[in-house]
file structure.cif (mmCIF, C-alpha atoms and all ligand atoms)
data_run
#
loop_
_atom_site.group_PDB
_atom_site.id
_atom_site.type_symbol
_atom_site.label_atom_id
_atom_site.label_comp_id
_atom_site.auth_asym_id
_atom_site.auth_seq_id
_atom_site.Cartn_x
_atom_site.Cartn_y
_atom_site.Cartn_z
ATOM 1 C CA MET A 18 111.975 161.790 145.666
ATOM 2 C CA ARG A 19 114.447 162.011 148.517
ATOM 3 C CA ILE A 20 117.803 160.501 147.632
ATOM 4 C CA THR A 21 118.728 157.932 150.270
ATOM 5 C CA HIS A 22 122.144 157.712 151.883
ATOM 6 C CA HIS A 23 122.661 154.417 150.029
ATOM 7 C CA ARG A 24 122.272 156.046 146.656
ATOM 8 C CA LEU A 25 124.274 159.086 147.669
ATOM 9 C CA ILE A 26 127.251 157.168 149.071
ATOM 10 C CA GLY A 27 127.080 154.528 146.318
ATOM 11 C CA LEU A 28 127.230 157.075 143.525
ATOM 12 C CA ASN A 29 129.858 159.107 145.355
ATOM 13 C CA THR A 30 131.893 155.885 145.454
ATOM 14 C CA LEU A 31 131.971 155.829 141.652
ATOM 15 C CA MET A 32 133.018 159.503 141.537
ATOM 16 C CA VAL A 33 135.788 158.782 144.033
ATOM 17 C CA ILE A 34 136.984 155.817 141.950
ATOM 18 C CA GLU A 35 137.142 158.038 138.875
ATOM 19 C CA MET A 36 139.027 160.722 140.792
ATOM 20 C CA ILE A 37 141.540 158.241 142.240
ATOM 21 C CA LYS A 38 142.276 157.095 138.687
ATOM 22 C CA GLN A 39 142.457 160.616 137.321
ATOM 23 C CA LYS A 40 144.857 161.840 140.008
ATOM 24 C CA ASP A 41 146.710 158.530 140.145
ATOM 25 C CA LEU A 42 146.333 158.321 143.934
ATOM 26 C CA PRO A 43 147.800 155.273 145.722
ATOM 27 C CA ILE A 44 145.544 152.318 146.604
ATOM 28 C CA PRO A 45 146.378 148.773 147.749
ATOM 29 C CA GLU A 46 147.806 146.839 144.807
ATOM 30 C CA ASN A 47 145.142 144.106 144.771
ATOM 31 C CA ILE A 48 142.411 146.653 143.980
ATOM 32 C CA ASN A 49 141.756 147.044 140.264
ATOM 33 C CA LEU A 50 139.641 150.116 139.618
ATOM 34 C CA ASP A 51 139.683 149.820 135.825
ATOM 35 C CA LYS A 52 137.564 146.693 135.812
ATOM 36 C CA ILE A 53 134.926 148.446 137.969
ATOM 37 C CA LEU A 54 134.934 151.488 135.690
ATOM 38 C CA ASP A 55 134.628 149.207 132.649
ATOM 39 C CA VAL A 56 131.169 148.174 133.873
ATOM 40 C CA LEU A 57 129.946 151.122 135.939
ATOM 41 C CA GLY A 58 132.097 154.008 134.781
ATOM 42 C CA ARG A 59 131.407 157.354 133.175
ATOM 43 C CA GLN A 60 130.691 155.912 129.741
ATOM 44 C CA GLN A 61 128.190 153.402 131.093
ATOM 45 C CA ARG A 62 125.147 155.569 131.710
ATOM 46 C CA ASP A 63 122.600 152.761 131.582
ATOM 47 C CA ASN A 64 124.610 150.518 133.842
ATOM 48 C CA ARG A 65 125.103 153.340 136.294
ATOM 49 C CA LYS A 66 121.396 154.113 136.323
ATOM 50 C CA ARG A 67 120.501 150.492 137.092
ATOM 51 C CA PHE A 68 123.154 150.323 139.752
ATOM 52 C CA LYS A 69 121.759 153.494 141.331
ATOM 53 C CA ASN A 70 118.199 152.165 141.336
ATOM 54 C CA TYR A 71 119.184 148.943 143.026
ATOM 55 C CA LEU A 72 121.174 150.708 145.704
ATOM 56 C CA GLY A 73 117.794 151.833 146.991
ATOM 57 C CA ALA A 74 115.709 148.787 146.117
ATOM 58 C CA PRO A 75 115.464 146.470 149.131
ATOM 59 C CA ASP A 76 113.464 148.801 151.360
ATOM 60 C CA LEU A 77 110.823 149.159 148.669
ATOM 61 C CA VAL A 78 110.305 145.468 148.228
ATOM 62 C CA MET A 79 107.591 143.564 150.004
ATOM 63 C CA ASP A 80 108.765 139.989 149.986
ATOM 64 C CA VAL A 81 107.977 138.898 153.534
ATOM 65 C CA TYR A 82 104.404 139.145 154.673
ATOM 66 C CA ILE A 83 102.009 137.867 157.243
ATOM 67 C CA GLU A 84 98.946 136.069 156.033
ATOM 68 C CA MET A 85 96.012 137.635 157.856
ATOM 69 C CA PRO A 86 92.899 135.697 158.782
ATOM 70 C CA PHE A 87 89.283 136.527 157.892
ATOM 71 C CA GLY A 88 90.081 137.785 154.374
ATOM 72 C CA MET A 89 91.937 140.839 155.673
ATOM 73 C CA ASP A 90 94.738 142.210 153.478
ATOM 74 C CA ASP A 91 98.103 140.528 153.777
ATOM 75 C CA LYS A 92 100.253 142.532 156.142
ATOM 76 C CA TYR A 93 103.746 143.632 155.114
ATOM 77 C CA GLU A 94 104.438 146.128 157.828
ATOM 78 C CA PHE A 95 105.368 146.493 161.431
ATOM 79 C CA CYS A 96 105.368 149.991 162.926
ATOM 80 C CA GLY A 97 105.517 151.479 159.431
ATOM 81 C CA HIS A 98 108.551 149.395 158.404
ATOM 82 C CA SER A 99 108.262 146.670 155.823
ATOM 83 C CA LEU A 100 109.192 143.272 157.204
ATOM 84 C CA SER A 101 111.806 143.043 154.445
ATOM 85 C CA ALA A 102 113.673 145.936 156.047
ATOM 86 C CA PHE A 103 114.379 143.625 158.996
ATOM 87 C CA GLN A 104 116.919 141.810 156.834
ATOM 88 C CA HIS A 105 119.210 144.843 156.990
ATOM 89 C CA PHE A 106 120.540 144.438 160.503
ATOM 90 C CA ILE A 107 123.760 142.933 161.813
ATOM 91 C CA ILE A 108 124.400 142.929 165.529
ATOM 92 C CA PRO A 109 127.810 141.769 166.814
ATOM 93 C CA GLN A 110 127.309 139.559 169.859
ATOM 94 C CA ASN A 111 129.781 137.270 171.655
ATOM 95 C CA GLY A 112 132.181 137.145 168.710
ATOM 96 C CA LYS A 113 129.344 136.272 166.318
ATOM 97 C CA TYR A 114 126.589 138.164 164.528
ATOM 98 C CA ARG A 115 122.864 137.988 164.836
ATOM 99 C CA GLY A 116 120.079 139.371 162.704
ATOM 100 C CA TYR A 117 117.100 141.441 163.817
ATOM 101 C CA ASN A 118 114.792 140.071 166.465
ATOM 102 C CA TRP A 119 112.357 142.464 168.068
ATOM 103 C CA ASP A 120 112.434 140.694 171.382
ATOM 104 C CA TYR A 121 115.936 142.185 171.755
ATOM 105 C CA ASP A 122 114.998 145.647 170.483
ATOM 106 C CA ASP A 123 114.699 147.975 173.505
ATOM 107 C CA SER A 124 114.045 150.946 171.233
ATOM 108 C CA LEU A 125 110.494 149.652 170.739
ATOM 109 C CA ALA A 126 109.488 149.980 174.420
ATOM 110 C CA VAL A 127 105.715 149.770 174.662
ATOM 111 C CA LEU A 128 105.435 148.925 170.983
ATOM 112 C CA GLU A 129 107.236 145.680 171.632
ATOM 113 C CA GLU A 130 104.493 144.530 173.966
ATOM 114 C CA LEU A 131 101.904 145.697 171.506
ATOM 115 C CA GLY A 132 103.790 143.911 168.723
ATOM 116 C CA ASP A 133 103.943 140.728 170.776
ATOM 117 C CA ILE A 134 100.199 140.783 171.246
ATOM 118 C CA LEU A 135 99.586 141.471 167.555
ATOM 119 C CA MET A 136 102.034 138.793 166.517
ATOM 120 C CA THR A 137 100.551 136.199 168.822
ATOM 121 C CA MET A 138 97.157 136.933 167.326
ATOM 122 C CA PHE A 139 98.093 136.995 163.663
ATOM 123 C CA SER A 140 101.584 135.990 162.841
ATOM 124 C CA THR A 141 101.941 132.271 162.775
ATOM 125 C CA ASP A 142 101.715 132.324 159.023
ATOM 126 C CA VAL A 143 104.667 134.255 157.681
ATOM 127 C CA LYS A 144 105.158 133.917 153.951
ATOM 128 C CA TYR A 145 108.031 134.710 151.690
ATOM 129 C CA ASP A 146 107.403 135.555 148.074
ATOM 130 C CA PRO A 147 110.502 135.078 145.873
ATOM 131 C CA THR A 148 108.656 136.238 142.750
ATOM 132 C CA VAL A 149 108.207 139.871 143.807
ATOM 133 C CA GLU A 150 108.724 141.862 140.630
ATOM 134 C CA GLU A 151 110.525 144.899 142.033
ATOM 135 C CA TYR A 152 113.600 142.818 142.717
ATOM 136 C CA GLY A 153 114.115 142.394 139.015
ATOM 137 C CA PHE A 154 115.823 139.054 139.600
ATOM 138 C CA SER A 155 114.725 135.668 138.393
ATOM 139 C CA PRO A 156 112.756 133.633 140.951
ATOM 140 C CA GLU A 157 115.615 131.076 140.778
ATOM 141 C CA ILE A 158 117.966 133.641 142.300
ATOM 142 C CA MET A 159 115.453 134.854 144.859
ATOM 143 C CA VAL A 160 114.502 131.381 145.976
ATOM 144 C CA LYS A 161 118.107 130.714 147.009
ATOM 145 C CA SER A 162 118.356 133.926 149.058
ATOM 146 C CA PRO A 163 118.986 133.604 152.818
ATOM 147 C CA MET A 164 115.435 134.674 153.755
ATOM 148 C CA SER A 165 113.889 132.116 151.449
ATOM 149 C CA LEU A 166 116.140 129.346 152.780
ATOM 150 C CA LEU A 167 115.336 130.321 156.356
ATOM 151 C CA ILE A 168 111.566 130.317 155.848
ATOM 152 C CA ASP A 169 111.860 126.988 154.024
ATOM 153 C CA ARG A 170 113.839 125.501 156.853
ATOM 154 C CA LEU A 171 111.260 126.666 159.359
ATOM 155 C CA GLY A 172 108.527 125.172 157.248
ATOM 156 C CA GLY A 173 106.516 128.245 156.251
ATOM 157 C CA ASN A 174 104.623 128.552 159.489
ATOM 158 C CA VAL A 175 106.751 130.969 161.429
ATOM 159 C CA ASP A 176 106.083 132.697 164.687
ATOM 160 C CA LEU A 177 107.512 136.166 164.066
ATOM 161 C CA ASP A 178 107.504 136.772 167.791
ATOM 162 C CA ASP A 179 110.768 134.867 168.187
ATOM 163 C CA PHE A 180 111.940 134.991 164.633
ATOM 164 C CA GLU A 181 115.516 135.957 163.946
ATOM 165 C CA PHE A 182 116.081 137.450 160.513
ATOM 166 C CA PRO A 183 119.201 136.675 158.435
ATOM 167 C CA THR A 184 121.993 139.185 159.020
ATOM 168 C CA ALA A 185 122.826 141.953 156.548
ATOM 169 C CA ALA A 186 126.074 140.044 155.888
ATOM 170 C CA GLU A 187 124.199 136.898 154.904
ATOM 171 C CA VAL A 188 121.828 138.767 152.603
ATOM 172 C CA GLY A 189 124.338 141.242 151.099
ATOM 173 C CA GLY A 190 126.945 138.494 150.906
ATOM 174 C CA TYR A 191 124.556 136.318 148.935
ATOM 175 C CA TYR A 192 124.059 139.007 146.280
ATOM 176 C CA GLY A 193 127.805 139.703 146.287
ATOM 177 C CA ASP A 194 128.302 136.058 145.347
ATOM 178 C CA VAL A 195 125.648 136.299 142.624
ATOM 179 C CA VAL A 196 127.903 138.915 141.002
ATOM 180 C CA ALA A 197 131.294 137.465 141.836
ATOM 181 C CA LYS A 198 130.883 133.740 141.471
ATOM 182 C CA ASP A 199 128.471 133.337 138.606
ATOM 183 C CA LYS A 200 129.759 135.159 135.570
ATOM 184 C CA ASN A 201 127.049 133.426 133.505
ATOM 185 C CA HIS A 202 124.440 135.861 134.793
ATOM 186 C CA SER A 203 123.665 138.679 132.396
ATOM 187 C CA ILE A 204 125.527 141.902 132.984
ATOM 188 C CA ILE A 205 122.212 143.513 133.931
ATOM 189 C CA THR A 206 121.594 140.944 136.664
ATOM 190 C CA ARG A 207 125.137 141.391 137.939
ATOM 191 C CA ILE A 208 124.827 145.191 138.062
ATOM 192 C CA LYS A 209 121.506 144.986 139.903
ATOM 193 C CA ALA A 210 122.893 142.466 142.375
ATOM 194 C CA ALA A 211 125.962 144.657 142.920
ATOM 195 C CA GLY A 212 123.765 147.653 143.788
ATOM 196 C CA PHE A 213 121.684 145.466 146.044
ATOM 197 C CA SER A 214 124.736 144.076 147.776
ATOM 198 C CA LEU A 215 126.304 147.489 148.430
ATOM 199 C CA HIS A 216 123.110 148.612 150.127
ATOM 200 C CA PHE A 217 123.907 146.073 152.857
ATOM 201 C CA VAL A 218 127.589 147.037 152.927
ATOM 202 C CA MET A 219 126.478 150.588 153.740
ATOM 203 C CA ASP A 220 123.787 149.549 156.203
ATOM 204 C CA ALA A 221 126.484 147.893 158.321
ATOM 205 C CA CYS A 222 127.991 151.397 158.676
ATOM 206 C CA CYS A 223 124.710 152.758 160.103
ATOM 207 C CA ALA A 224 124.471 152.991 163.879
ATOM 208 C CA HIS A 225 120.967 151.584 164.329
ATOM 209 C CA HIS A 226 121.503 148.631 162.014
ATOM 210 C CA VAL A 227 124.353 147.513 164.249
ATOM 211 C CA MET A 228 122.571 148.309 167.524
ATOM 212 C CA GLY A 229 119.505 146.414 166.304
ATOM 213 C CA TYR A 230 117.199 149.375 166.884
ATOM 214 C CA LEU A 231 114.248 149.991 164.659
ATOM 215 C CA LEU A 232 113.073 153.204 166.318
ATOM 216 C CA ASN A 233 114.524 155.911 168.617
ATOM 217 C CA GLY A 234 116.312 158.137 166.145
ATOM 218 C CA HIS A 235 116.932 155.534 163.455
ATOM 219 C CA SER A 236 115.670 157.380 160.385
ATOM 220 C CA GLU A 237 116.523 160.778 161.938
ATOM 221 C CA TRP A 238 120.149 159.668 162.324
ATOM 222 C CA GLU A 239 120.324 158.504 158.721
ATOM 223 C CA ALA A 240 118.752 161.747 157.484
ATOM 224 C CA HIS A 241 121.209 163.785 159.597
ATOM 225 C CA LEU A 242 124.140 161.739 158.230
ATOM 226 C CA GLU A 243 122.917 162.416 154.721
ATOM 227 C CA SER A 244 122.503 166.151 155.190
ATOM 228 C CA ASN A 245 125.921 166.464 156.891
ATOM 229 C CA TRP A 246 127.500 164.581 154.015
ATOM 230 C CA ARG A 247 125.786 166.792 151.435
ATOM 231 C CA SER A 248 126.980 169.864 153.284
ATOM 232 C CA ARG A 249 130.575 168.808 152.508
ATOM 233 C CA PHE A 250 129.846 169.769 148.910
ATOM 234 C CA ASP A 251 128.651 173.213 149.907
ATOM 235 C CA ASN A 252 126.389 173.849 146.893
ATOM 236 C CA PRO A 253 129.056 173.741 144.195
ATOM 237 C CA LYS A 254 128.529 176.205 141.339
ATOM 238 C CA ASP A 255 129.927 174.035 138.569
ATOM 239 C CA GLN A 256 131.593 170.752 137.754
ATOM 240 C CA LYS A 257 135.013 172.234 138.484
ATOM 241 C CA GLN A 258 134.055 173.084 142.068
ATOM 242 C CA LEU A 259 132.429 169.694 142.521
ATOM 243 C CA ASN A 260 135.558 167.963 141.268
ATOM 244 C CA LYS A 261 137.607 169.921 143.795
ATOM 245 C CA LYS A 262 135.487 168.429 146.594
ATOM 246 C CA PHE A 263 135.794 164.964 145.121
ATOM 247 C CA GLU A 264 139.545 165.401 144.910
ATOM 248 C CA ILE A 265 139.679 166.029 148.673
ATOM 249 C CA ILE A 266 137.426 163.053 149.421
ATOM 250 C CA ALA A 267 139.333 160.789 147.010
ATOM 251 C CA LYS A 268 142.576 161.680 148.810
ATOM 252 C CA GLU A 269 140.964 160.745 152.156
ATOM 253 C CA ILE A 270 139.717 157.416 150.785
ATOM 254 C CA SER A 271 143.100 156.630 149.245
ATOM 255 C CA ASP A 272 144.741 157.316 152.641
ATOM 256 C CA TYR A 273 142.120 155.208 154.413
ATOM 257 C CA LEU A 274 142.637 152.223 152.120
ATOM 258 C CA MET A 275 146.427 152.482 152.425
ATOM 259 C CA GLU A 276 146.252 152.727 156.228
ATOM 260 C CA ASN A 277 143.721 149.883 156.547
ATOM 261 C CA GLN A 278 145.179 147.335 154.154
ATOM 262 C CA GLU A 279 143.433 144.485 155.987
ATOM 263 C CA LEU A 280 140.140 145.803 154.559
ATOM 264 C CA SER A 281 141.256 145.201 150.978
ATOM 265 C CA LYS A 282 142.444 141.697 151.883
ATOM 266 C CA LEU A 283 138.957 140.466 152.829
ATOM 267 C CA LYS A 284 137.801 137.594 150.643
ATOM 268 C CA SER A 285 134.056 138.168 150.198
ATOM 269 C CA VAL A 286 131.397 140.845 150.476
ATOM 270 C CA LYS A 287 130.035 138.937 153.486
ATOM 271 C CA GLU A 288 133.362 139.476 155.257
ATOM 272 C CA VAL A 289 133.335 143.166 154.310
ATOM 273 C CA ILE A 290 129.865 143.598 155.833
ATOM 274 C CA GLU A 291 130.912 141.822 159.027
ATOM 275 C CA SER A 292 134.030 143.944 159.311
ATOM 276 C CA ASN A 293 131.897 147.070 158.847
ATOM 277 C CA ALA A 294 129.670 145.895 161.698
ATOM 278 C CA GLU A 295 132.796 145.578 163.884
ATOM 279 C CA PHE A 296 133.926 149.041 162.815
ATOM 280 C CA THR A 297 130.541 150.587 163.632
ATOM 281 C CA ASN A 298 130.289 148.729 166.927
ATOM 282 C CA LYS A 299 133.660 150.128 167.976
ATOM 283 C CA TRP A 300 132.674 153.573 166.716
ATOM 284 C CA LEU A 301 129.503 153.449 168.858
ATOM 285 C CA LYS A 302 131.678 152.966 171.937
ATOM 286 C CA THR A 303 133.788 156.065 171.272
ATOM 287 C CA ASN A 304 132.984 159.650 172.214
ATOM 288 C CA ASN A 305 129.247 159.852 172.808
ATOM 289 C CA ASN A 306 128.333 158.396 169.433
ATOM 290 C CA ARG A 307 125.871 155.899 170.864
ATOM 291 C CA GLU A 308 123.978 158.467 172.946
ATOM 292 C CA MET A 309 123.859 160.847 169.988
ATOM 293 C CA ALA A 310 122.642 158.060 167.683
ATOM 294 C CA MET A 311 119.773 157.247 170.050
ATOM 295 C CA ARG A 312 118.713 160.897 169.731
ATOM 296 C CA GLY A 313 119.025 160.759 165.939
ATOM 297 C CA LYS A 314 122.081 163.023 165.816
ATOM 298 C CA ILE A 315 125.601 162.878 164.370
ATOM 299 C CA ASN A 316 128.090 165.727 163.926
ATOM 300 C CA ARG A 317 130.033 166.543 160.762
ATOM 301 C CA HIS A 318 133.328 165.120 161.955
ATOM 302 C CA GLU A 319 131.794 161.745 162.815
ATOM 303 C CA THR A 320 129.789 161.794 159.564
ATOM 304 C CA LYS A 321 133.057 161.989 157.661
ATOM 305 C CA LYS A 322 134.438 158.954 159.517
ATOM 306 C CA ILE A 323 131.332 156.856 158.818
ATOM 307 C CA CYS A 324 130.979 157.881 155.169
ATOM 308 C CA ASN A 325 134.672 157.444 154.391
ATOM 309 C CA ARG A 326 134.502 153.932 155.797
ATOM 310 C CA ALA A 327 131.353 153.268 153.761
ATOM 311 C CA ILE A 328 132.988 154.454 150.526
ATOM 312 C CA ALA A 329 136.249 152.580 151.149
ATOM 313 C CA SER A 330 134.365 149.361 151.898
ATOM 314 C CA CYS A 331 132.140 149.829 148.826
ATOM 315 C CA ILE A 332 135.287 150.081 146.675
ATOM 316 C CA VAL A 333 136.677 146.900 148.232
ATOM 317 C CA SER A 334 133.320 145.148 147.652
ATOM 318 C CA LEU A 335 133.090 146.258 144.014
ATOM 319 C CA ASN A 336 136.624 144.993 143.486
ATOM 320 C CA LEU A 337 135.575 141.603 144.893
ATOM 321 C CA MET A 338 132.413 141.479 142.808
ATOM 322 C CA PHE A 339 133.771 142.504 139.399
HETATM 323 ZN ZN ZN A 401 118.272 152.182 158.358
#

call {"tool": "encode", "arguments": {"input": "structure.cif", "output": "structure tokens"}}
result
Amino acid sequence: MRITHHRLIGLNTLMVIEMIKQKDLPIPENINLDKILDVLGRQQRDNRKRFKNYLGAPDLVMDVYIEMPFGMDDKYEFCGHSLSAFQHFIIPQNGKYRGYNWDYDDSLAVLEELGDILMTMFSTDVKYDPTVEEYGFSPEIMVKSPMSLLIDRLGGNVDLDDFEFPTAAEVGGYYGDVVAKDKNHSIITRIKAAGFSLHFVMDACCAHHVMGYLLNGHSEWEAHLESNWRSRFDNPKDQKQLNKKFEIIAKEISDYLMENQELSKLKSVKEVIESNAEFTNKWLKTNNNREMAMRGKINRHETKKICNRAIASCIVSLNLMF
């Protein structure tokens, strides 16, 4: 199985936290790393494993589907992407944020027209299933999620053609609150929700999730980001060499957090995700990052900027959640 950038960056975040503690590197004073390590740290193998699994979970889950006529199978996909994946976008627009809407997605080109035709034919009955097992959450939690509330509000019969999905900040922020605000949930539920939530924190650092583009280099860009990031570790021979790399990265993250203190002052995971969308939007406007992203490319230097931001904002989010 290919490790996704979410899992990679999420687990690297925990290594960085451990290294910051070990080397006693400076971080903003309101961040308490011990309480994160108490739940997800080195001694917590089971917790860490669950956390890791849920960092990758949302793309696998089929919760939104189109009810097809004539006894055909229910349809979960559009252009090979599950409809659930459409909840992972956050597009800054006129000082606000909007979620994915394929009418605005110029990466689709001819597919958009094709999609419109398909959707007009089939898609007036969009369903949301809050009991999907892969989530691992109780239906009570799922039923309160932004997608469920939206479909409820629209009355179940939804025309996907002009449907605007909840933003990554609304969805990730919801799961951040499940962890942060309701300490009555079991520790397992909180760890799963934390992994889930960080997935959205990281997605807001991904070019295409902020441009609102499903195609044109989307998965290529993410794969390139991942392989550039891996190349930083340069096939370490042993734990000692690996730790050396993590020491360098931990130093960079410590500097980043100290230089960007406003990040650690954010009050909720939703705010962290929105601030990541602003960061990425600004990043897209510098150098030729946008043009490169449309071709599915990113160089090593820019990879470092994106991944360092992702790790720093994951640390801030974990601090808010635990
Ligand atoms: Zn993506």

call {"tool": "closest_residue", "arguments": {"input": "structure.cif", "among": "A:Ala224, A:Met85, A:Leu54, A:Val78", "to": "ligand ZN 401 (chain A)", "atoms": "only C-alpha atoms and all ligand atoms"}}
result
A:Ala224

call {"tool": "residues_near_ligand", "arguments": {"input": "structure.cif", "ligand": "ligand ZN 401 (chain A)", "cutoff": "8 Å", "atoms": "all atoms listed in the file", "output": "PyMOL selection string"}}
result
chain A and resi 105+220+223+225-226+231+235-236+239

call {"tool": "resolve_selection", "arguments": {"input": "structure.cif", "expression": "the PyMOL selection byres (((chain A and resi 242) around 10) and not hetatm)", "output": "PyMOL selection string"}}
result
chain A and resi 22+223+236-241+243-248+313-317+319-321+323-324

call {"tool": "closest_residue", "arguments": {"input": "structure.cif", "among": "A:Leu131, A:Leu57, A:Cys96, A:Ile48", "to": "A:Ser334", "atoms": "all atoms listed in the file"}}
result
A:Ile48

call {"tool": "closest_atom_pairs", "arguments": {"input": "structure.cif", "of": "stretch 248-339 of chain A", "to": "stretch 182-193 of chain A", "cutoff": "10 Å", "atoms": "all atoms listed in the file", "output": "Markdown table"}}
result
| residue | atom | partner | partner_atom | distance |
| --- | --- | --- | --- | --- |
| A:Ser285 | CA | A:Gly190 | CA | 7.2 |
| A:Val286 | CA | A:Gly190 | CA | 5.1 |
| A:Lys287 | CA | A:Gly190 | CA | 4.0 |
| A:Glu288 | CA | A:Ala186 | CA | 7.3 |
| A:Val289 | CA | A:Ala186 | CA | 8.1 |
| A:Ile290 | CA | A:Ala186 | CA | 5.2 |
| A:Glu291 | CA | A:Ala186 | CA | 6.0 |
| A:Ser292 | CA | A:Ala186 | CA | 9.5 |
| A:Asn293 | CA | A:Ala186 | CA | 9.6 |
| A:Ala294 | CA | A:Ala186 | CA | 9.0 |
| A:Ser334 | CA | A:Gly193 | CA | 7.9 |
| A:Leu335 | CA | A:Gly193 | CA | 8.7 |
| A:Leu337 | CA | A:Gly193 | CA | 8.1 |
| A:Met338 | CA | A:Gly193 | CA | 6.0 |
| A:Phe339 | CA | A:Gly193 | CA | 9.5 |

call {"tool": "write_last_selection", "arguments": {"input": "structure.cif", "atoms": "C-alpha atoms", "output": "short mmCIF file (atom, residue, chain, number, x, y, z; two decimals), keeping the file's coordinate frame"}}
result
data_model
loop_
_atom_site.label_atom_id
_atom_site.label_comp_id
_atom_site.auth_asym_id
_atom_site.auth_seq_id
_atom_site.Cartn_x
_atom_site.Cartn_y
_atom_site.Cartn_z
CA SER A 285 134.06 138.17 150.20
CA VAL A 286 131.40 140.84 150.48
CA LYS A 287 130.04 138.94 153.49
CA GLU A 288 133.36 139.48 155.26
CA VAL A 289 133.34 143.17 154.31
CA ILE A 290 129.86 143.60 155.83
CA GLU A 291 130.91 141.82 159.03
CA SER A 292 134.03 143.94 159.31
CA ASN A 293 131.90 147.07 158.85
CA ALA A 294 129.67 145.90 161.70
CA SER A 334 133.32 145.15 147.65
CA LEU A 335 133.09 146.26 144.01
CA LEU A 337 135.57 141.60 144.89
CA MET A 338 132.41 141.48 142.81
CA PHE A 339 133.77 142.50 139.40
#

call {"tool": "residues_around", "arguments": {"input": "structure.cif", "residues": "stretch 263-276 of chain A", "least_positions_apart": "2", "cutoff": "12 Å", "atoms": "only C-alpha atoms", "output": "ChimeraX atom specification"}}
result
/A:26,28-48,246-247,249-251,253,256-261,278-282,321-333

call {"tool": "closest_residue", "arguments": {"input": "structure.cif", "among": "A:His216, A:Gln104, A:Val196, A:Asp51", "to": "A:Gly116", "atoms": "all atoms listed in the file"}}
result
A:Gln104

call {"tool": "axis_aligned_box", "arguments": {"input": "structure.cif", "around": "stretch 319-331 of chain A", "padding_each_side": "3 Å", "output": "lines of an AutoDock Vina configuration file"}}
result
center_x = 133.0
center_y = 155.7
center_z = 155.8
size_x = 12.5
size_y = 18.6
size_z = 20.0

call {"tool": "atom_distance", "arguments": {"input": "structure.cif", "atom1": "atom CA of A:Asp120", "atom2": "atom CA of A:Ala102"}}
result
16.3 Å

call {"tool": "resolve_selection", "arguments": {"input": "structure.cif", "expression": "the PyMOL selection byres (((chain A and resi 151) around 12) and not hetatm)", "output": "ChimeraX atom specification"}}
result
/A:70-71,73-80,146-150,152-156,159,209,213

call {"tool": "write_last_selection", "arguments": {"input": "structure.cif", "atoms": "C-alpha atoms", "output": "mmCIF file, in the coordinates of the input"}}
result
data_model
loop_
_atom_site.group_PDB
_atom_site.id
_atom_site.type_symbol
_atom_site.label_atom_id
_atom_site.label_comp_id
_atom_site.auth_asym_id
_atom_site.auth_seq_id
_atom_site.Cartn_x
_atom_site.Cartn_y
_atom_site.Cartn_z
ATOM 1 C CA ASN A 70 118.199 152.165 141.336
ATOM 2 C CA TYR A 71 119.184 148.943 143.026
ATOM 3 C CA GLY A 73 117.794 151.833 146.991
ATOM 4 C CA ALA A 74 115.709 148.787 146.117
ATOM 5 C CA PRO A 75 115.464 146.470 149.131
ATOM 6 C CA ASP A 76 113.464 148.801 151.360
ATOM 7 C CA LEU A 77 110.823 149.159 148.669
ATOM 8 C CA VAL A 78 110.305 145.468 148.228
ATOM 9 C CA MET A 79 107.591 143.564 150.004
ATOM 10 C CA ASP A 80 108.765 139.989 149.986
ATOM 11 C CA ASP A 146 107.403 135.555 148.074
ATOM 12 C CA PRO A 147 110.502 135.078 145.873
ATOM 13 C CA THR A 148 108.656 136.238 142.750
ATOM 14 C CA VAL A 149 108.207 139.871 143.807
ATOM 15 C CA GLU A 150 108.724 141.862 140.630
ATOM 16 C CA TYR A 152 113.600 142.818 142.717
ATOM 17 C CA GLY A 153 114.115 142.394 139.015
ATOM 18 C CA PHE A 154 115.823 139.054 139.600
ATOM 19 C CA SER A 155 114.725 135.668 138.393
ATOM 20 C CA PRO A 156 112.756 133.633 140.951
ATOM 21 C CA MET A 159 115.453 134.854 144.859
ATOM 22 C CA LYS A 209 121.506 144.986 139.903
ATOM 23 C CA PHE A 213 121.684 145.466 146.044
#

call {"tool": "atom_distance", "arguments": {"input": "structure.cif", "atom1": "atom CA of A:Lys302", "atom2": "atom CA of A:Tyr117"}}
result
20.3 Å
